[in-house]
Amino acid sequence: MAQGPKKRGIVIFGPPGAGKGTQARRLVEDFGFEYIATGDILREAVAKRTPLGIKASEHMNRGELVTDEVMIPIVEERLKAGDGGSGFILDGFPRTVRQATMLEEAARRNGIEIDLAIYLKTSKDVIVQRLSGRRICPKCGTIFHIVNIPPKVAGVCNKCGGSLIQREDDREEAILTRLAEYARQTAEVIDFYRNKGVLVEVNGDVPVEVSYPSIVKTIEGGRGL
Ligand code: AP5
């Protein structure tokens with residue numbers, strides 16, 4: 001059991017395309033949090049064709065969740081190995097109540113307290129518009145949108161000059177499966193954190209320039225959005 005003051009753990013969640021990755025990456029830059037994004041971990045494993053990547057890729061391409069048995073040890077490992085300087089931010093995990101329960105236990109074992117769950121509440125038409133226009137940099141992970149958050153030069157990453165790509169699971173069929181999986185397995189995680197008393201709901205439909213400052217305020221302690 002870890003000794004000393006607890007490190008902070010923040011969960012950011014919401015439906016696919018709500019803007020979890022966009023917001024979390026800004027928080028990491030501004031607050032120095034350690035970033036654990038399970039989708040990024042899996043995509044890297046798929047690109048490198050590791051045993052994990054081979055196991056996960058079919059589920060991901062179809063828009064289905066990867067099993068808890070695969071996901072849970074990955075996250076615990078990252079919590080254990082991480083230094084978590086000013087805290088951890090988890091993006092895309094937990095996605096089931098079982099993962100949420102496990103996260104509480106793993107956090108406790110590693111001297112971390114999950115003290116905030118930011119729920120980006122986002123409507124379906126917004127989600128579809130965002131996912132169909134998303135482009136990501138495979139080199140540095142920066143996220144763009146061809147209309148909402150366009151790169152300075154079309155198809156080129158502002159940060160590292162990498163060539164932007166569309167994610168495999170941003171096809172219409174996979175988007176619909178991801179939305180269904182979210183409703184079936186992830187939506188109940190909202191109640192898990194509401195019951196724990198750490199849930200803060202943020203309007204995910206509005207531009208980042210509007211939602212990000214309210215998230216920052218919440219993190220700095222000013223709740224009641
Ligand atoms: P993951 O990568 O976590 O995908 P997701 O949850 O579907 O979320 P997205 O990454 O699609 O969206 P986001 O909310 O991060 O939005 P973004 O910031 O990119 O997971 C992928 C897959 O991995 C899963 O389907 C599953 O198979 C597997 N997996 C991962 N974790 C797992 C787990 N714990 N258990 C089991 N399986 C797991 O923004 C979207 C777009 O909108 C971008 O183009 C962005 O530029 C734009 N945008 C963002 N915010 C705004 C805004 N406020 N206004 C206008 N545009 C915006």
# chains A, B, ... in the order shown; residues from 1 in each chain; ligands from 1

$ closest_atom_pairs --of "chain A" --to "ligand 1" --cutoff "7 Å" --atoms "only C-alpha atoms and all ligand atoms" --output "JSON lines"
{"residue": "A:Gly14", "atom": "CA", "partner": "ligand 1", "partner_atom_place_in_ligand_line": "14 (O)", "distance": 6.5}
{"residue": "A:Pro15", "atom": "CA", "partner": "ligand 1", "partner_atom_place_in_ligand_line": "6 (O)", "distance": 6.0}
{"residue": "A:Pro16", "atom": "CA", "partner": "ligand 1", "partner_atom_place_in_ligand_line": "7 (O)", "distance": 3.5}
{"residue": "A:Gly17", "atom": "CA", "partner": "ligand 1", "partner_atom_place_in_ligand_line": "12 (O)", "distance": 3.4}
{"residue": "A:Ala18", "atom": "CA", "partner": "ligand 1", "partner_atom_place_in_ligand_line": "14 (O)", "distance": 3.9}
{"residue": "A:Gly19", "atom": "CA", "partner": "ligand 1", "partner_atom_place_in_ligand_line": "18 (O)", "distance": 3.3}
{"residue": "A:Lys20", "atom": "CA", "partner": "ligand 1", "partner_atom_place_in_ligand_line": "14 (O)", "distance": 3.8}
{"residue": "A:Gly21", "atom": "CA", "partner": "ligand 1", "partner_atom_place_in_ligand_line": "15 (O)", "distance": 3.6}
{"residue": "A:Thr22", "atom": "CA", "partner": "ligand 1", "partner_atom_place_in_ligand_line": "18 (O)", "distance": 3.6}
{"residue": "A:Gln23", "atom": "CA", "partner": "ligand 1", "partner_atom_place_in_ligand_line": "18 (O)", "distance": 6.4}
{"residue": "A:Ala37", "atom": "CA", "partner": "ligand 1", "partner_atom_place_in_ligand_line": "3 (O)", "distance": 6.7}
{"residue": "A:Thr38", "atom": "CA", "partner": "ligand 1", "partner_atom_place_in_ligand_line": "31 (N)", "distance": 4.4}
{"residue": "A:Gly39", "atom": "CA", "partner": "ligand 1", "partner_atom_place_in_ligand_line": "2 (O)", "distance": 3.4}
{"residue": "A:Asp40", "atom": "CA", "partner": "ligand 1", "partner_atom_place_in_ligand_line": "2 (O)", "distance": 5.9}
{"residue": "A:Leu42", "atom": "CA", "partner": "ligand 1", "partner_atom_place_in_ligand_line": "23 (O)", "distance": 6.3}
{"residue": "A:His59", "atom": "CA", "partner": "ligand 1", "partner_atom_place_in_ligand_line": "27 (O)", "distance": 5.5}
{"residue": "A:Met60", "atom": "CA", "partner": "ligand 1", "partner_atom_place_in_ligand_line": "27 (O)", "distance": 3.7}
{"residue": "A:Gly63", "atom": "CA", "partner": "ligand 1", "partner_atom_place_in_ligand_line": "25 (O)", "distance": 4.7}
{"residue": "A:Glu64", "atom": "CA", "partner": "ligand 1", "partner_atom_place_in_ligand_line": "27 (O)", "distance": 4.8}
{"residue": "A:Leu65", "atom": "CA", "partner": "ligand 1", "partner_atom_place_in_ligand_line": "37 (N)", "distance": 3.8}
{"residue": "A:Val66", "atom": "CA", "partner": "ligand 1", "partner_atom_place_in_ligand_line": "37 (N)", "distance": 3.8}
{"residue": "A:Thr67", "atom": "CA", "partner": "ligand 1", "partner_atom_place_in_ligand_line": "36 (C)", "distance": 5.7}
{"residue": "A:Asp68", "atom": "CA", "partner": "ligand 1", "partner_atom_place_in_ligand_line": "35 (N)", "distance": 6.2}
{"residue": "A:Met71", "atom": "CA", "partner": "ligand 1", "partner_atom_place_in_ligand_line": "35 (N)", "distance": 5.7}
{"residue": "A:Asp91", "atom": "CA", "partner": "ligand 1", "partner_atom_place_in_ligand_line": "3 (O)", "distance": 6.5}
{"residue": "A:Gly92", "atom": "CA", "partner": "ligand 1", "partner_atom_place_in_ligand_line": "3 (O)", "distance": 4.1}
{"residue": "A:Phe93", "atom": "CA", "partner": "ligand 1", "partner_atom_place_in_ligand_line": "34 (N)", "distance": 4.0}
{"residue": "A:Pro94", "atom": "CA", "partner": "ligand 1", "partner_atom_place_in_ligand_line": "34 (N)", "distance": 5.0}
{"residue": "A:Arg95", "atom": "CA", "partner": "ligand 1", "partner_atom_place_in_ligand_line": "34 (N)", "distance": 4.8}
{"residue": "A:Arg130", "atom": "CA", "partner": "ligand 1", "partner_atom_place_in_ligand_line": "42 (O)", "distance": 4.1}
{"residue": "A:Leu131", "atom": "CA", "partner": "ligand 1", "partner_atom_place_in_ligand_line": "41 (C)", "distance": 5.3}
{"residue": "A:Gly133", "atom": "CA", "partner": "ligand 1", "partner_atom_place_in_ligand_line": "44 (O)", "distance": 5.8}
{"residue": "A:Arg134", "atom": "CA", "partner": "ligand 1", "partner_atom_place_in_ligand_line": "44 (O)", "distance": 3.3}
{"residue": "A:Arg135", "atom": "CA", "partner": "ligand 1", "partner_atom_place_in_ligand_line": "44 (O)", "distance": 5.9}
{"residue": "A:Ile143", "atom": "CA", "partner": "ligand 1", "partner_atom_place_in_ligand_line": "46 (O)", "distance": 5.3}
{"residue": "A:Phe144", "atom": "CA", "partner": "ligand 1", "partner_atom_place_in_ligand_line": "46 (O)", "distance": 4.0}
{"residue": "A:His145", "atom": "CA", "partner": "ligand 1", "partner_atom_place_in_ligand_line": "44 (O)", "distance": 3.7}
{"residue": "A:Asn148", "atom": "CA", "partner": "ligand 1", "partner_atom_place_in_ligand_line": "56 (N)", "distance": 4.9}
{"residue": "A:Ile149", "atom": "CA", "partner": "ligand 1", "partner_atom_place_in_ligand_line": "46 (O)", "distance": 5.2}
{"residue": "A:Arg178", "atom": "CA", "partner": "ligand 1", "partner_atom_place_in_ligand_line": "25 (O)", "distance": 5.8}
{"residue": "A:Gly204", "atom": "CA", "partner": "ligand 1", "partner_atom_place_in_ligand_line": "53 (N)", "distance": 5.9}
{"residue": "A:Asp205", "atom": "CA", "partner": "ligand 1", "partner_atom_place_in_ligand_line": "53 (N)", "distance": 6.0}
{"residue": "A:Val206", "atom": "CA", "partner": "ligand 1", "partner_atom_place_in_ligand_line": "53 (N)", "distance": 5.2}
{"residue": "A:Pro207", "atom": "CA", "partner": "ligand 1", "partner_atom_place_in_ligand_line": "54 (N)", "distance": 3.7}
{"residue": "A:Val208", "atom": "CA", "partner": "ligand 1", "partner_atom_place_in_ligand_line": "53 (N)", "distance": 3.8}
{"residue": "A:Ser211", "atom": "CA", "partner": "ligand 1", "partner_atom_place_in_ligand_line": "53 (N)", "distance": 6.5}

$ select_by_dssp --residues "segment 64-220 of chain A" --states "strand (DSSP E or B)" --output "list in words"
Phe88, Ile89, Leu90, Asp91, Ile112, Glu113, Ile114, Asp115, Leu116, Ala117, Ile118, Tyr119, Leu120, Lys121, Arg134, Arg135, Ile136, Ile143, Phe144, His145, Val153, Val156, Ser163, Ile165, Leu199, Val200, Glu201, Val202 and Asn203 of chain A

$ write_last_selection --atoms "C-alpha atoms" --output "PDB file, in the first residue's frame"
ATOM      1  CA  PHE A  88      -3.486  11.284 -13.465  1.00  0.00           C
ATOM      2  CA  ILE A  89      -6.081  11.943 -16.108  1.00  0.00           C
ATOM      3  CA  LEU A  90      -7.907   8.929 -17.498  1.00  0.00           C
ATOM      4  CA  ASP A  91      -9.528   9.214 -20.926  1.00  0.00           C
ATOM      5  CA  ILE A 112      -4.396   7.638  -5.870  1.00  0.00           C
ATOM      6  CA  GLU A 113      -7.836   9.072  -5.227  1.00  0.00           C
ATOM      7  CA  ILE A 114     -10.354   9.433  -8.061  1.00  0.00           C
ATOM      8  CA  ASP A 115     -11.825  12.735  -6.891  1.00  0.00           C
ATOM      9  CA  LEU A 116     -13.433  14.039 -10.087  1.00  0.00           C
ATOM     10  CA  ALA A 117     -15.332  12.522 -13.000  1.00  0.00           C
ATOM     11  CA  ILE A 118     -15.981  14.990 -15.793  1.00  0.00           C
ATOM     12  CA  TYR A 119     -18.907  13.904 -17.934  1.00  0.00           C
ATOM     13  CA  LEU A 120     -19.019  15.578 -21.355  1.00  0.00           C
ATOM     14  CA  LYS A 121     -22.705  15.390 -22.153  1.00  0.00           C
ATOM     15  CA  ARG A 134     -12.027  14.114 -37.329  1.00  0.00           C
ATOM     16  CA  ARG A 135      -8.414  13.788 -38.466  1.00  0.00           C
ATOM     17  CA  ILE A 136      -5.586  12.681 -36.189  1.00  0.00           C
ATOM     18  CA  ILE A 143      -6.608  15.771 -32.876  1.00  0.00           C
ATOM     19  CA  PHE A 144      -8.126  18.041 -35.547  1.00  0.00           C
ATOM     20  CA  HIS A 145     -11.455  18.473 -37.274  1.00  0.00           C
ATOM     21  CA  VAL A 153      -2.330  23.480 -43.664  1.00  0.00           C
ATOM     22  CA  VAL A 156      -0.683  18.406 -42.051  1.00  0.00           C
ATOM     23  CA  SER A 163       0.362  13.596 -42.317  1.00  0.00           C
ATOM     24  CA  ILE A 165      -5.269  10.391 -41.155  1.00  0.00           C
ATOM     25  CA  LEU A 199     -19.539  13.691 -10.983  1.00  0.00           C
ATOM     26  CA  VAL A 200     -19.487  17.029 -12.769  1.00  0.00           C
ATOM     27  CA  GLU A 201     -21.516  17.398 -15.932  1.00  0.00           C
ATOM     28  CA  VAL A 202     -20.174  19.680 -18.675  1.00  0.00           C
ATOM     29  CA  ASN A 203     -21.964  20.650 -21.879  1.00  0.00           C
TER      30      ASN A 203
END

$ closest_residue --among "A:Thr50, A:Asp169, A:Leu164, A:Val11" --to "Lys152 of chain A" --atoms "only C-alpha atoms"
A:Leu164

$ select_by_dssp --residues "segment 20-124 of chain A" --states "helix (DSSP H, G or I)" --output "NGL selection string"
:A and (20-31 or 38-48 or 51-62 or 68-81 or 97-109 or 124)

$ closest_residue --among "A:Leu79, A:Cys157, A:Val189, A:Val147" --to "Ala100 of chain A" --atoms "only C-alpha atoms"
A:Val189

$ atom_distance --atom1 "atom CA of Val97 of chain A" --atom2 "atom CA of Lys217 of chain A"
27.2 Å

$ closest_residue --among "A:Ala183, A:Arg26, A:Asn61, A:Lys55" --to "Arg167 of chain A" --atoms "only C-alpha atoms"
A:Asn61

$ closest_residue --among "A:Arg25, A:Lys196, A:Arg78, A:Lys48" --to "Gly141 of chain A" --atoms "only C-alpha atoms"
A:Arg25

$ decode --residues "segment 67-102 of chain A" --atoms "N, CA and C atoms" --output "PDB file, in the first residue's frame"
ATOM      1  N   THR A  67     -12.384  -6.455 -24.205  1.00  0.00           N
ATOM      2  CA  THR A  67     -12.904  -7.041 -22.961  1.00  0.00           C
ATOM      3  C   THR A  67     -12.256  -6.436 -21.704  1.00  0.00           C
ATOM      4  N   ASP A  68     -12.990  -6.469 -20.612  1.00  0.00           N
ATOM      5  CA  ASP A  68     -12.469  -5.992 -19.326  1.00  0.00           C
ATOM      6  C   ASP A  68     -11.195  -6.743 -18.951  1.00  0.00           C
ATOM      7  N   GLU A  69     -11.160  -8.035 -19.243  1.00  0.00           N
ATOM      8  CA  GLU A  69     -10.001  -8.868 -18.876  1.00  0.00           C
ATOM      9  C   GLU A  69      -8.724  -8.344 -19.531  1.00  0.00           C
ATOM     10  N   VAL A  70      -8.865  -7.798 -20.723  1.00  0.00           N
ATOM     11  CA  VAL A  70      -7.697  -7.240 -21.415  1.00  0.00           C
ATOM     12  C   VAL A  70      -7.385  -5.849 -20.882  1.00  0.00           C
ATOM     13  N   MET A  71      -8.421  -5.042 -20.689  1.00  0.00           N
ATOM     14  CA  MET A  71      -8.210  -3.621 -20.373  1.00  0.00           C
ATOM     15  C   MET A  71      -7.714  -3.372 -18.952  1.00  0.00           C
ATOM     16  N   ILE A  72      -8.279  -4.106 -17.994  1.00  0.00           N
ATOM     17  CA  ILE A  72      -8.026  -3.789 -16.578  1.00  0.00           C
ATOM     18  C   ILE A  72      -6.528  -3.885 -16.215  1.00  0.00           C
ATOM     19  N   PRO A  73      -5.839  -4.983 -16.580  1.00  0.00           N
ATOM     20  CA  PRO A  73      -4.407  -5.040 -16.223  1.00  0.00           C
ATOM     21  C   PRO A  73      -3.576  -3.941 -16.888  1.00  0.00           C
ATOM     22  N   ILE A  74      -3.972  -3.512 -18.088  1.00  0.00           N
ATOM     23  CA  ILE A  74      -3.205  -2.460 -18.780  1.00  0.00           C
ATOM     24  C   ILE A  74      -3.229  -1.178 -17.958  1.00  0.00           C
ATOM     25  N   VAL A  75      -4.421  -0.840 -17.474  1.00  0.00           N
ATOM     26  CA  VAL A  75      -4.551   0.421 -16.738  1.00  0.00           C
ATOM     27  C   VAL A  75      -3.857   0.327 -15.382  1.00  0.00           C
ATOM     28  N   GLU A  76      -4.023  -0.811 -14.718  1.00  0.00           N
ATOM     29  CA  GLU A  76      -3.358  -0.943 -13.409  1.00  0.00           C
ATOM     30  C   GLU A  76      -1.845  -0.803 -13.571  1.00  0.00           C
ATOM     31  N   GLU A  77      -1.326  -1.413 -14.618  1.00  0.00           N
ATOM     32  CA  GLU A  77       0.117  -1.337 -14.895  1.00  0.00           C
ATOM     33  C   GLU A  77       0.564   0.118 -15.062  1.00  0.00           C
ATOM     34  N   ARG A  78      -0.227   0.907 -15.800  1.00  0.00           N
ATOM     35  CA  ARG A  78       0.132   2.308 -16.054  1.00  0.00           C
ATOM     36  C   ARG A  78       0.052   3.137 -14.770  1.00  0.00           C
ATOM     37  N   LEU A  79      -0.927   2.823 -13.917  1.00  0.00           N
ATOM     38  CA  LEU A  79      -1.042   3.559 -12.655  1.00  0.00           C
ATOM     39  C   LEU A  79       0.156   3.254 -11.760  1.00  0.00           C
ATOM     40  N   LYS A  80       0.547   1.994 -11.763  1.00  0.00           N
ATOM     41  CA  LYS A  80       1.650   1.548 -10.906  1.00  0.00           C
ATOM     42  C   LYS A  80       2.967   2.158 -11.391  1.00  0.00           C
ATOM     43  N   ALA A  81       3.165   2.131 -12.706  1.00  0.00           N
ATOM     44  CA  ALA A  81       4.449   2.577 -13.268  1.00  0.00           C
ATOM     45  C   ALA A  81       4.547   4.098 -13.320  1.00  0.00           C
ATOM     46  N   GLY A  82       3.403   4.772 -13.354  1.00  0.00           N
ATOM     47  CA  GLY A  82       3.404   6.214 -13.580  1.00  0.00           C
ATOM     48  C   GLY A  82       3.867   6.985 -12.364  1.00  0.00           C
ATOM     49  N   ASP A  83       4.417   8.172 -12.636  1.00  0.00           N
ATOM     50  CA  ASP A  83       4.849   8.985 -11.508  1.00  0.00           C
ATOM     51  C   ASP A  83       3.709   9.911 -11.072  1.00  0.00           C
ATOM     52  N   GLY A  84       2.832  10.238 -12.026  1.00  0.00           N
ATOM     53  CA  GLY A  84       1.604  10.965 -11.689  1.00  0.00           C
ATOM     54  C   GLY A  84       1.824  12.325 -11.070  1.00  0.00           C
ATOM     55  N   GLY A  85       2.977  12.957 -11.351  1.00  0.00           N
ATOM     56  CA  GLY A  85       3.358  14.273 -10.816  1.00  0.00           C
ATOM     57  C   GLY A  85       2.213  15.052 -10.189  1.00  0.00           C
ATOM     58  N   SER A  86       1.432  15.743 -10.996  1.00  0.00           N
ATOM     59  CA  SER A  86       0.338  16.528 -10.414  1.00  0.00           C
ATOM     60  C   SER A  86      -0.992  15.787 -10.520  1.00  0.00           C
ATOM     61  N   GLY A  87      -0.930  14.517 -10.837  1.00  0.00           N
ATOM     62  CA  GLY A  87      -2.140  13.694 -10.895  1.00  0.00           C
ATOM     63  C   GLY A  87      -2.248  12.950 -12.211  1.00  0.00           C
ATOM     64  N   PHE A  88      -3.245  12.077 -12.260  1.00  0.00           N
ATOM     65  CA  PHE A  88      -3.486  11.284 -13.465  1.00  0.00           C
ATOM     66  C   PHE A  88      -4.778  11.738 -14.117  1.00  0.00           C
ATOM     67  N   ILE A  89      -4.803  11.735 -15.442  1.00  0.00           N
ATOM     68  CA  ILE A  89      -6.081  11.943 -16.108  1.00  0.00           C
ATOM     69  C   ILE A  89      -6.364  10.725 -16.973  1.00  0.00           C
ATOM     70  N   LEU A  90      -7.533  10.142 -16.764  1.00  0.00           N
ATOM     71  CA  LEU A  90      -7.907   8.929 -17.498  1.00  0.00           C
ATOM     72  C   LEU A  90      -8.953   9.264 -18.545  1.00  0.00           C
ATOM     73  N   ASP A  91      -8.642   8.922 -19.792  1.00  0.00           N
ATOM     74  CA  ASP A  91      -9.528   9.214 -20.926  1.00  0.00           C
ATOM     75  C   ASP A  91      -9.907   7.890 -21.582  1.00  0.00           C
ATOM     76  N   GLY A  92     -11.201   7.573 -21.560  1.00  0.00           N
ATOM     77  CA  GLY A  92     -11.655   6.327 -22.198  1.00  0.00           C
ATOM     78  C   GLY A  92     -11.681   5.145 -21.246  1.00  0.00           C
ATOM     79  N   PHE A  93     -11.389   5.372 -20.008  1.00  0.00           N
ATOM     80  CA  PHE A  93     -11.415   4.347 -18.967  1.00  0.00           C
ATOM     81  C   PHE A  93     -11.865   5.027 -17.683  1.00  0.00           C
ATOM     82  N   PRO A  94     -12.834   4.478 -16.946  1.00  0.00           N
ATOM     83  CA  PRO A  94     -13.539   3.228 -17.177  1.00  0.00           C
ATOM     84  C   PRO A  94     -14.677   3.365 -18.183  1.00  0.00           C
ATOM     85  N   ARG A  95     -15.014   2.235 -18.789  1.00  0.00           N
ATOM     86  CA  ARG A  95     -16.098   2.192 -19.771  1.00  0.00           C
ATOM     87  C   ARG A  95     -17.176   1.194 -19.387  1.00  0.00           C
ATOM     88  N   THR A  96     -16.981   0.500 -18.280  1.00  0.00           N
ATOM     89  CA  THR A  96     -18.014  -0.388 -17.742  1.00  0.00           C
ATOM     90  C   THR A  96     -17.985  -0.195 -16.222  1.00  0.00           C
ATOM     91  N   VAL A  97     -19.071  -0.611 -15.570  1.00  0.00           N
ATOM     92  CA  VAL A  97     -19.086  -0.476 -14.108  1.00  0.00           C
ATOM     93  C   VAL A  97     -17.999  -1.364 -13.502  1.00  0.00           C
ATOM     94  N   ARG A  98     -17.756  -2.497 -14.146  1.00  0.00           N
ATOM     95  CA  ARG A  98     -16.690  -3.369 -13.627  1.00  0.00           C
ATOM     96  C   ARG A  98     -15.336  -2.656 -13.700  1.00  0.00           C
ATOM     97  N   GLN A  99     -15.079  -1.964 -14.785  1.00  0.00           N
ATOM     98  CA  GLN A  99     -13.820  -1.217 -14.896  1.00  0.00           C
ATOM     99  C   GLN A  99     -13.772  -0.094 -13.846  1.00  0.00           C
ATOM    100  N   ALA A 100     -14.920   0.535 -13.602  1.00  0.00           N
ATOM    101  CA  ALA A 100     -14.952   1.626 -12.615  1.00  0.00           C
ATOM    102  C   ALA A 100     -14.647   1.094 -11.218  1.00  0.00           C
ATOM    103  N   THR A 101     -15.200  -0.064 -10.893  1.00  0.00           N
ATOM    104  CA  THR A 101     -14.971  -0.667  -9.579  1.00  0.00           C
ATOM    105  C   THR A 101     -13.504  -1.048  -9.432  1.00  0.00           C
ATOM    106  N   MET A 102     -12.983  -1.643 -10.495  1.00  0.00           N
ATOM    107  CA  MET A 102     -11.574  -2.033 -10.476  1.00  0.00           C
ATOM    108  C   MET A 102     -10.653  -0.821 -10.333  1.00  0.00           C
TER     109      MET A 102
END
